[in-house]
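Visitor: Supplied structure: work-v5.txt, compact mmCIF, C-alpha atoms.
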# COMPACT_ATOMS: atom_id res chain seq x y z
CA MET U 1060 0.00 0.00 0.00
CA ILE U 1061 1.40 3.37 -1.10
CA VAL U 1062 -0.18 6.56 0.29
CA ILE U 1063 0.06 9.78 -1.75
CA THR U 1064 -0.42 13.13 -0.02
CA ALA U 1065 -1.16 16.32 -1.98
CA PRO U 1066 -2.36 14.26 -4.99
CA THR U 1067 -3.91 17.22 -6.83
CA GLY U 1068 -0.84 19.47 -6.73
CA ASN U 1069 1.75 20.12 -9.42
CA ILE U 1070 3.92 17.14 -8.42
CA GLY U 1071 1.27 14.93 -6.82
CA ARG U 1072 -1.07 14.69 -9.81
CA ARG U 1073 1.81 13.67 -12.07
CA LEU U 1074 3.00 11.13 -9.52
CA LEU U 1075 -0.49 9.72 -9.07
CA SER U 1076 -0.86 9.26 -12.82
CA LEU U 1077 2.46 7.38 -12.98
CA LEU U 1078 1.58 5.16 -10.03
CA VAL U 1079 -1.93 4.32 -11.24
CA GLU U 1080 -0.28 2.98 -14.38
CA ALA U 1081 2.64 1.17 -12.72
CA ALA U 1082 1.39 0.01 -9.30
CA PRO U 1083 -0.66 -3.04 -10.38
CA ALA U 1084 2.39 -4.70 -11.95
CA HIS U 1085 4.24 -4.22 -8.66
CA GLY U 1086 1.38 -5.57 -6.56
CA GLU U 1087 0.88 -2.19 -4.89
CA GLU U 1088 -2.45 -0.65 -3.89
CA LEU U 1089 -2.83 3.12 -3.81
CA ARG U 1090 -4.47 5.41 -1.27
CA VAL U 1091 -4.67 9.21 -1.49
CA VAL U 1092 -5.25 11.85 1.16
CA VAL U 1093 -7.20 14.77 -0.29
CA ARG U 1094 -9.40 17.57 1.01
CA ASP U 1095 -11.68 17.53 -2.05
CA PRO U 1096 -11.99 14.15 -3.80
CA ALA U 1097 -13.83 15.83 -6.70
CA ARG U 1098 -10.49 17.34 -7.79
CA ILE U 1099 -9.19 13.87 -8.67
CA PRO U 1100 -10.19 12.77 -12.19
CA ASP U 1101 -12.92 10.11 -12.22
CA ALA U 1102 -10.75 7.51 -13.98
CA VAL U 1103 -8.02 7.93 -11.38
CA ARG U 1104 -10.44 8.00 -8.44
CA ALA U 1105 -11.76 4.60 -9.48
CA ALA U 1106 -8.25 3.13 -9.13
CA VAL U 1107 -7.42 4.43 -5.64
CA GLU U 1108 -8.75 4.44 -2.11
CA VAL U 1109 -9.60 7.95 -0.95
CA VAL U 1110 -9.15 9.33 2.57
CA THR U 1111 -10.79 12.75 2.79
CA GLY U 1112 -9.14 15.39 4.94
CA SER U 1113 -5.90 17.30 5.53
CA HIS U 1114 -2.67 15.35 5.89
CA GLY U 1115 -1.72 17.82 8.62
CA ASP U 1116 -4.56 16.44 10.78
CA ALA U 1117 -3.75 13.65 13.27
CA ALA U 1118 -7.03 11.76 12.83
CA THR U 1119 -6.78 11.90 9.05
CA VAL U 1120 -3.21 10.57 8.87
CA ALA U 1121 -4.07 7.85 11.40
CA ARG U 1122 -6.71 6.59 8.96
CA ALA U 1123 -4.50 7.10 5.94
CA PHE U 1124 -1.38 5.36 7.27
CA THR U 1125 -3.09 2.27 8.71
CA GLY U 1126 -1.71 -0.65 6.70
CA ALA U 1127 0.55 1.61 4.63
CA ASP U 1128 4.00 0.44 3.56
CA ALA U 1129 5.17 3.66 1.89
CA VAL U 1130 4.12 7.31 1.90
CA PHE U 1131 4.75 10.19 -0.47
CA TRP U 1132 4.99 13.29 1.70
CA LEU U 1133 4.57 16.84 0.39
CA VAL U 1134 3.74 19.85 2.54
CA PRO U 1135 1.74 22.52 0.71
CA PRO U 1136 3.40 25.71 2.04
CA ASP U 1137 0.88 27.85 3.89
CA ALA U 1138 1.78 31.55 3.73
CA SER U 1139 -0.54 32.30 6.65
CA LEU U 1140 1.87 30.47 9.01
CA THR U 1141 5.46 30.87 10.15
CA PRO U 1142 7.96 28.66 8.24
CA GLU U 1143 8.35 26.35 11.25
CA GLU U 1144 4.58 25.97 11.59
CA ALA U 1145 4.15 25.47 7.84
CA TYR U 1146 6.71 22.64 7.61
CA SER U 1147 7.53 20.90 10.92
CA GLY U 1148 4.29 21.96 12.60
CA PHE U 1149 2.23 20.53 9.75
CA THR U 1150 4.35 17.34 9.67
CA ARG U 1151 4.43 16.42 13.38
CA PRO U 1152 1.12 14.47 13.40
CA ALA U 1153 2.31 12.47 10.38
CA ALA U 1154 5.73 11.77 11.93
CA ARG U 1155 3.99 10.31 14.98
CA ALA U 1156 1.66 8.30 12.73
CA PHE U 1157 4.58 6.89 10.69
CA ALA U 1158 5.92 5.30 13.87
CA ALA U 1159 2.54 4.32 15.33
CA HIS U 1160 1.39 2.52 12.17
CA GLY U 1161 4.70 0.95 11.16
CA VAL U 1162 5.16 2.80 7.88
CA GLY U 1163 8.41 1.50 6.40
CA ARG U 1164 9.44 4.05 3.78
CA VAL U 1165 8.71 7.73 3.15
CA VAL U 1166 9.64 9.79 0.09
CA GLY U 1167 9.41 13.52 0.78
CA VAL U 1168 9.69 16.67 -1.28
CA SER U 1169 12.44 18.88 0.09
CA ALA U 1170 15.16 21.24 -1.11
CA LEU U 1171 18.81 21.50 -1.99
CA GLY U 1172 21.17 23.18 0.43
CA ARG U 1173 21.96 20.72 3.24
CA GLY U 1174 25.59 21.06 4.26
CA THR U 1175 26.13 24.44 2.61
CA PRO U 1176 27.15 27.58 4.55
CA GLN U 1177 23.74 29.07 3.71
CA ALA U 1178 21.62 26.16 4.98
CA GLY U 1179 21.02 27.56 8.46
CA ARG U 1180 19.87 30.97 7.18
CA ALA U 1181 17.80 29.99 4.17
CA GLY U 1182 14.28 30.64 5.39
CA LEU U 1183 11.81 28.20 3.86
CA VAL U 1184 14.63 25.85 2.86
CA THR U 1185 15.95 25.79 6.44
CA ALA U 1186 12.42 24.94 7.58
CA SER U 1187 12.15 22.21 4.95
CA LEU U 1188 15.46 20.63 6.04
CA ALA U 1189 14.26 20.67 9.67
CA MET U 1190 11.12 18.85 8.49
CA ASP U 1191 13.36 16.20 6.91
CA ASP U 1192 15.12 15.69 10.24
CA LEU U 1193 11.75 15.33 11.99
CA ILE U 1194 10.68 12.62 9.54
CA ALA U 1195 14.02 10.82 9.74
CA ASP U 1196 13.83 10.83 13.56
CA SER U 1197 10.51 8.96 13.38
CA GLY U 1198 12.43 5.80 12.48
CA VAL U 1199 11.26 5.36 8.87
CA ALA U 1200 13.55 4.81 5.93
CA TYR U 1201 13.51 8.21 4.25
CA ARG U 1202 14.47 9.70 0.91
CA ALA U 1203 14.32 13.50 0.79
CA LEU U 1204 14.01 14.68 -2.81
CA ALA U 1205 16.41 17.64 -2.75
CA ASN U 1206 15.07 20.01 -5.38
CA PRO U 1207 16.23 23.35 -6.74
CA SER U 1208 13.77 25.93 -8.10
CA PHE U 1209 11.17 24.59 -10.54
CA PHE U 1210 10.89 25.49 -14.23
CA GLU U 1211 7.15 25.74 -13.53
CA ASN U 1212 7.64 28.86 -11.41
CA LEU U 1213 7.88 30.68 -14.75
CA LEU U 1214 4.23 29.85 -15.47
CA GLU U 1215 3.31 32.52 -12.91
CA GLU U 1216 4.93 35.04 -15.27
CA VAL U 1217 3.23 34.01 -18.50
CA ASP U 1218 1.35 37.32 -18.81
CA SER U 1219 4.51 39.37 -18.23
CA ILE U 1220 6.43 37.27 -20.76
CA ARG U 1221 3.64 37.63 -23.32
CA GLU U 1222 2.93 41.33 -22.78
CA LYS U 1223 6.37 42.75 -21.95
CA GLY U 1224 8.88 40.03 -22.88
CA VAL U 1225 10.08 40.12 -19.25
CA PHE U 1226 10.49 37.65 -16.40
CA THR U 1227 11.76 38.51 -12.92
CA ASP U 1228 13.55 36.99 -9.96
CA THR U 1229 15.85 38.29 -7.22
CA VAL U 1230 19.09 36.49 -8.13
CA ALA U 1231 22.02 37.93 -10.10
CA ALA U 1232 21.47 37.78 -13.85
CA ASP U 1233 24.68 35.87 -14.47
CA ARG U 1234 24.50 33.37 -11.56
CA PRO U 1235 24.13 29.80 -12.87
CA ALA U 1236 21.95 27.54 -10.73
CA SER U 1237 20.17 24.22 -10.91
CA LEU U 1238 16.55 24.06 -12.01
CA VAL U 1239 14.19 21.13 -12.45
CA ALA U 1240 10.91 20.16 -14.11
CA VAL U 1241 8.21 18.94 -11.73
CA ALA U 1242 7.63 15.94 -14.00
CA ASP U 1243 11.16 14.76 -13.18
CA ILE U 1244 10.48 15.06 -9.45
CA ALA U 1245 7.31 12.97 -9.86
CA ALA U 1246 9.15 10.32 -11.89
CA THR U 1247 11.94 10.08 -9.32
CA ALA U 1248 9.40 9.76 -6.51
CA ALA U 1249 7.51 7.03 -8.38
CA GLY U 1250 10.69 5.01 -8.85
CA LEU U 1251 11.53 5.18 -5.17
CA LEU U 1252 8.00 4.40 -3.98
CA LEU U 1253 7.85 1.27 -6.14
CA ASP U 1254 11.29 0.08 -4.97
CA ARG U 1255 11.17 -1.82 -1.68
CA SER U 1256 14.93 -2.42 -1.47
CA TRP U 1257 16.22 0.82 0.05
CA THR U 1258 16.80 1.56 3.72
CA GLY U 1259 18.27 4.32 5.86
CA VAL U 1260 18.06 8.08 5.34
CA GLU U 1261 19.43 9.95 2.34
CA SER U 1262 18.92 13.09 0.27
CA VAL U 1263 18.33 12.47 -3.44
CA PRO U 1264 19.17 15.51 -5.60
CA VAL U 1265 16.79 15.94 -8.54
CA LEU U 1266 18.35 18.33 -11.05
CA GLY U 1267 17.89 19.43 -14.61
CA PRO U 1268 20.70 18.49 -17.03
CA GLN U 1269 22.58 21.79 -16.69
CA ASP U 1270 22.91 24.85 -14.48
CA LEU U 1271 21.44 28.01 -16.03
CA SER U 1272 21.64 31.70 -15.16
CA PRO U 1273 18.63 33.99 -15.67
CA ASN U 1274 20.43 35.37 -18.74
CA ASP U 1275 20.80 31.82 -20.10
CA MET U 1276 17.09 31.24 -19.51
CA ALA U 1277 16.18 34.49 -21.28
CA ARG U 1278 18.21 33.45 -24.33
CA ILE U 1279 16.64 29.98 -24.47
CA MET U 1280 13.12 31.36 -23.95
CA SER U 1281 13.69 33.88 -26.75
CA GLU U 1282 14.76 31.08 -29.10
CA GLU U 1283 11.92 28.74 -28.20
CA LEU U 1284 9.16 31.37 -28.13
CA GLY U 1285 10.37 33.20 -31.25
CA ARG U 1286 10.18 36.56 -29.47
CA PRO U 1287 12.65 38.52 -27.32
CA VAL U 1288 12.56 37.74 -23.60
CA ARG U 1289 14.78 39.47 -21.04
CA TYR U 1290 15.42 39.14 -17.33
CA VAL U 1291 14.75 41.95 -14.87
CA ARG U 1292 16.18 41.58 -11.39
CA GLU U 1293 13.83 42.52 -8.55
CA SER U 1294 15.20 43.67 -5.21
CA LEU U 1295 14.52 41.65 -2.08
CA ASP U 1296 12.93 44.75 -0.54
CA ALA U 1297 10.51 45.05 -3.46
CA MET U 1298 9.62 41.36 -3.22
CA ARG U 1299 9.04 41.71 0.54
CA SER U 1300 6.79 44.74 0.06
CA THR U 1301 4.73 43.03 -2.63
CA MET U 1302 4.17 39.91 -0.53
CA LEU U 1303 3.31 41.86 2.60
CA ALA U 1304 0.80 43.87 0.59
CA TYR U 1305 -1.02 40.60 -0.13
CA GLY U 1306 -1.46 40.15 3.62
CA LEU U 1307 0.84 37.14 3.99
CA ASN U 1308 2.32 36.14 7.35
CA ALA U 1309 5.32 38.42 7.98
CA ALA U 1310 7.49 35.55 9.22
CA PHE U 1311 6.65 33.49 6.13
CA VAL U 1312 7.54 36.46 3.92
CA GLU U 1313 10.91 36.78 5.68
CA GLY U 1314 11.35 33.05 5.07
CA MET U 1315 10.87 33.66 1.35
CA VAL U 1316 13.28 36.61 1.41
CA ASP U 1317 15.92 34.62 3.31
CA MET U 1318 15.55 31.71 0.87
CA LYS U 1319 15.98 33.99 -2.15
CA ARG U 1320 19.00 35.66 -0.56
CA ALA U 1321 20.57 32.26 0.18
CA LYS U 1322 19.95 31.08 -3.40
CA ASP U 1323 21.71 34.18 -4.69
CA ARG U 1324 24.67 33.24 -2.48
CA GLY U 1325 24.93 29.70 -3.81
CA LEU U 1326 22.51 27.66 -1.69
CA ASP U 1327 21.70 25.34 -4.60
CA SER U 1328 25.33 24.89 -5.65
CA GLY U 1329 26.35 22.51 -2.87
CA VAL U 1330 25.72 19.30 -4.82
CA ALA U 1331 28.22 17.90 -7.30
CA ARG U 1332 26.40 17.15 -10.54
CA SER U 1333 26.44 13.40 -11.12
CA PRO U 1334 24.25 10.99 -13.09
CA GLN U 1335 20.85 10.72 -11.41
CA ALA U 1336 18.49 7.80 -11.46
CA GLY U 1337 15.49 9.64 -12.88
CA PRO U 1338 14.95 11.68 -16.05
CA ALA U 1339 16.44 15.15 -16.58
CA THR U 1340 14.27 17.41 -18.74
CA GLY U 1341 16.20 20.17 -20.50
CA PHE U 1342 15.02 23.76 -20.22
CA ALA U 1343 14.63 24.21 -24.00
CA GLN U 1344 12.51 21.05 -24.11
CA TRP U 1345 10.36 22.30 -21.23
CA CYS U 1346 9.92 25.69 -22.90
CA ALA U 1347 8.77 24.04 -26.14
CA GLN U 1348 6.40 21.59 -24.43
CA THR U 1349 5.02 23.68 -21.54
CA LEU U 1350 5.91 27.38 -21.59
CA LYS U 1351 5.22 28.07 -25.27
CA PRO U 1352 1.70 26.54 -25.22
CA ALA U 1353 0.95 28.54 -22.04
CA VAL U 1354 2.11 31.80 -23.63
CA LEU U 1355 0.14 31.06 -26.80
CA ALA U 1356 -2.98 30.23 -24.77
CA ALA U 1357 -2.61 33.51 -22.88
CA SER U 1358 -2.27 35.35 -26.21
CA GLU U 1359 -5.41 33.71 -27.60
CA ALA U 1360 -7.34 34.54 -24.42
CA ALA U 1361 -6.23 38.16 -24.64
CA ASP U 1362 -7.20 38.36 -28.32
CA ALA U 1363 -10.63 36.94 -27.53
CA HIS U 1364 -11.24 39.92 -25.25
As structure tokens - that is how I would like this structure written.

Guide:
Amino acid sequence: MIVITAPTGNIGRRLLSLLVEAAPAHGEELRVVVRDPARIPDAVRAAVEVVTGSHGDAATVARAFTGADAVFWLVPPDASLTPEEAYSGFTRPAARAFAAHGVGRVVGVSALGRGTPQAGRAGLVTASLAMDDLIADSGVAYRALANPSFFENLLEEVDSIREKGVFTDTVAADRPASLVAVADIAATAAGLLLDRSWTGVESVPVLGPQDLSPNDMARIMSEELGRPVRYVRESLDAMRSTMLAYGLNAAFVEGMVDMKRAKDRGLDSGVARSPQAGPATGFAQWCAQTLKPAVLAASEAADAH
């Protein structure tokens, strides 16, 4: 029995699709924990057991983890909480339930940075690494998927890319860093969840095939979209002000600022690039398959109005 948390999110829905296809051949049953079962496609819902509720709730995870052999763990960051509350606070009921119900293996979504000079002052990443320690201390075998920033973050800037040819971030324009496609994270998680042979606690870096600076990304986007795209660096103060204006928790906002500052100082550069078990989608490929259709759809929607 494999339990999938956050099955309707960016990573979870891709993982669930992979597991629905592969689990029967491995003799695995699937169970999902979801607040709104209607958000799971009918065909998928017919192939899984559904536990309705939040995976941050003790009673819900007690039901979900009964008889479970493996769990996919993903915390949906809640910007109304402090970073500690959003990660370790949310995870504590599950960590107790892992031990109480004899869960053997957990695969969790985490972040790069462990062991770097920035790790202790990296805001949301520091909170995520503390969550990993909490899970590992529960006694399960644990694989923390250590991820850099996602390609998919650019989808939040589709309108800006379409209208102005601009995308923004807070890091230096010429700083190369790792990036990853969420599909690769899902595929890596699926492989680990279906493999019963591993033990112990390890971080598993999930990286794209090459490090890219924002300027590199602008060049590749320009080529793939057939229109000029440039990078504009936003200050950390401007980012903080924008987020606070949305009414987000001030401590969570500082966690975002600290994470961005740490990334600009090399937080994601602490892992030697080596062959990884899962796939590695290139940025140009992702732009062609995902970003370009999103920009074109935005253009068509704008034209319709």

Visitor: Smallest atom-to-atom distance to U:Arg1122: which of U:Leu1251, U:Ala1236, U:Val1091, U:Ala1195, using only C-alpha atoms?

Guide: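 For U:Arg1122, the nearest of the given residues is U:Val1091.
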
Visitor: Considering only C-alpha atoms, state which residue in the set U:Leu1078, U:Ala1129, U:Leu1295, U:Ile1194 is at the smallest distance from U:Met1318.

Guide: U:Leu1295

Visitor: Quick check, in Å to one decimal: how far apart do atom CA of U:Glu1313 and atom CA of U:Asp1233 lie?

Guide: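 So the two atoms, atom CA of U:Glu1313 and atom CA of U:Asp1233, lie 24.4 Å apart.
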
Visitor: Each residue of stretch 1126-1207 of chain U with at least one atom at most 12 Å from stretch 1062-1069 of chain U should appear once, together with its nearest atom pair and the corresponding distance in Å (one decimal); atoms considered: all atoms listed in the file; ordering: chain, then increasing residue number; output as CSV.

Guide:
residue,atom,partner,partner_atom,distance
U:Gly1126,CA,U:Val1062,CA,9.8
U:Ala1127,CA,U:Val1062,CA,6.6
U:Asp1128,CA,U:Val1062,CA,8.1
U:Ala1129,CA,U:Val1062,CA,6.3
U:Val1130,CA,U:Val1062,CA,4.7
U:Phe1131,CA,U:Ile1063,CA,4.9
U:Trp1132,CA,U:Thr1064,CA,5.7
U:Leu1133,CA,U:Ala1065,CA,6.2
U:Val1134,CA,U:Ala1065,CA,7.5
U:Pro1135,CA,U:Ala1065,CA,7.4
U:Pro1136,CA,U:Ala1065,CA,11.2
U:Thr1150,CA,U:Thr1064,CA,11.6
U:Ala1153,CA,U:Thr1064,CA,10.8
U:Phe1157,CA,U:Val1062,CA,11.4
U:Val1162,CA,U:Val1062,CA,10.0
U:Gly1163,CA,U:Val1062,CA,11.7
U:Arg1164,CA,U:Val1062,CA,10.5
U:Val1165,CA,U:Val1062,CA,9.4
U:Val1166,CA,U:Ile1063,CA,9.8
U:Gly1167,CA,U:Thr1064,CA,9.9
U:Val1168,CA,U:Thr1064,CA,10.8

Visitor: In file coordinates, which residues lie within 12 Å of (0.0, 15.3, 13.9) using all atoms listed in the file, given as a ChimeraX atom specification?

Guide: /U:1113-1121,1144,1146-1159,1193-1194

Visitor: Might you pull out every residue within 9 Å of stretch 1203-1209 of chain U, with all atoms listed in the file counted and same-chain residues fewer than 2 positions away left off, and present them as a tab-separated table (two decimals) with C-alpha atoms, in the frame of the given file?

Guide:
chain	number	residue	atom	x	y	z
U	1165	VAL	CA	8.71	7.73	3.15
U	1166	VAL	CA	9.64	9.79	0.09
U	1167	GLY	CA	9.41	13.52	0.78
U	1168	VAL	CA	9.69	16.67	-1.28
U	1169	SER	CA	12.44	18.88	0.09
U	1170	ALA	CA	15.16	21.24	-1.11
U	1171	LEU	CA	18.81	21.50	-1.99
U	1172	GLY	CA	21.17	23.18	0.43
U	1173	ARG	CA	21.96	20.72	3.24
U	1188	LEU	CA	15.46	20.63	6.04
U	1191	ASP	CA	13.36	16.20	6.91
U	1201	TYR	CA	13.51	8.21	4.25
U	1211	GLU	CA	7.15	25.74	-13.53
U	1212	ASN	CA	7.64	28.86	-11.41
U	1213	LEU	CA	7.88	30.68	-14.75
U	1236	ALA	CA	21.95	27.54	-10.73
U	1237	SER	CA	20.17	24.22	-10.91
U	1238	LEU	CA	16.55	24.06	-12.01
U	1239	VAL	CA	14.19	21.13	-12.45
U	1240	ALA	CA	10.91	20.16	-14.11
U	1241	VAL	CA	8.21	18.94	-11.73
U	1244	ILE	CA	10.48	15.06	-9.45
U	1247	THR	CA	11.94	10.08	-9.32
U	1248	ALA	CA	9.40	9.76	-6.51
U	1260	VAL	CA	18.06	8.08	5.34
U	1261	GLU	CA	19.43	9.95	2.34
U	1262	SER	CA	18.92	13.09	0.27
U	1263	VAL	CA	18.33	12.47	-3.44
U	1264	PRO	CA	19.17	15.51	-5.60
U	1265	VAL	CA	16.79	15.94	-8.54
U	1266	LEU	CA	18.35	18.33	-11.05
U	1267	GLY	CA	17.89	19.43	-14.61
U	1327	ASP	CA	21.70	25.34	-4.60

Visitor: Just the residues within 9 Å of U:Leu1140, please, counting all atoms listed in the file, with nothing from its chain fewer than 2 positions along; format it as a PDB file with C-alpha atoms, in the frame of the given file.

Guide:
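out.pdb, written as the output of this step:
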ATOM      1  CA  PRO U1136       3.400  25.710   2.040  1.00  0.00           C
ATOM      2  CA  ASP U1137       0.880  27.850   3.890  1.00  0.00           C
ATOM      3  CA  ALA U1138       1.780  31.550   3.730  1.00  0.00           C
ATOM      4  CA  PRO U1142       7.960  28.660   8.240  1.00  0.00           C
ATOM      5  CA  GLU U1143       8.350  26.350  11.250  1.00  0.00           C
ATOM      6  CA  GLU U1144       4.580  25.970  11.590  1.00  0.00           C
ATOM      7  CA  ALA U1145       4.150  25.470   7.840  1.00  0.00           C
ATOM      8  CA  LEU U1307       0.840  37.140   3.990  1.00  0.00           C
ATOM      9  CA  ASN U1308       2.320  36.140   7.350  1.00  0.00           C
ATOM     10  CA  ALA U1309       5.320  38.420   7.980  1.00  0.00           C
ATOM     11  CA  ALA U1310       7.490  35.550   9.220  1.00  0.00           C
ATOM     12  CA  PHE U1311       6.650  33.490   6.130  1.00  0.00           C
TER      13      PHE U1311
END

Visitor: For a test of reading the model, state the distance in Å between atom CA of U:Ala1186 and atom CA of U:Ala1331, rounded to one decimal.

Guide: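 Atom-to-atom, atom CA of U:Ala1186 to atom CA of U:Ala1331, that is 22.8 Å.
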
Visitor: Between U:Ala1231, U:Met1298, U:Ala1246, U:Gly1259, which has the minimum distance to U:Ser1272 (counting all atoms listed in the file)?

Guide: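 So, comparing all the options, the nearest one is U:Ala1231.
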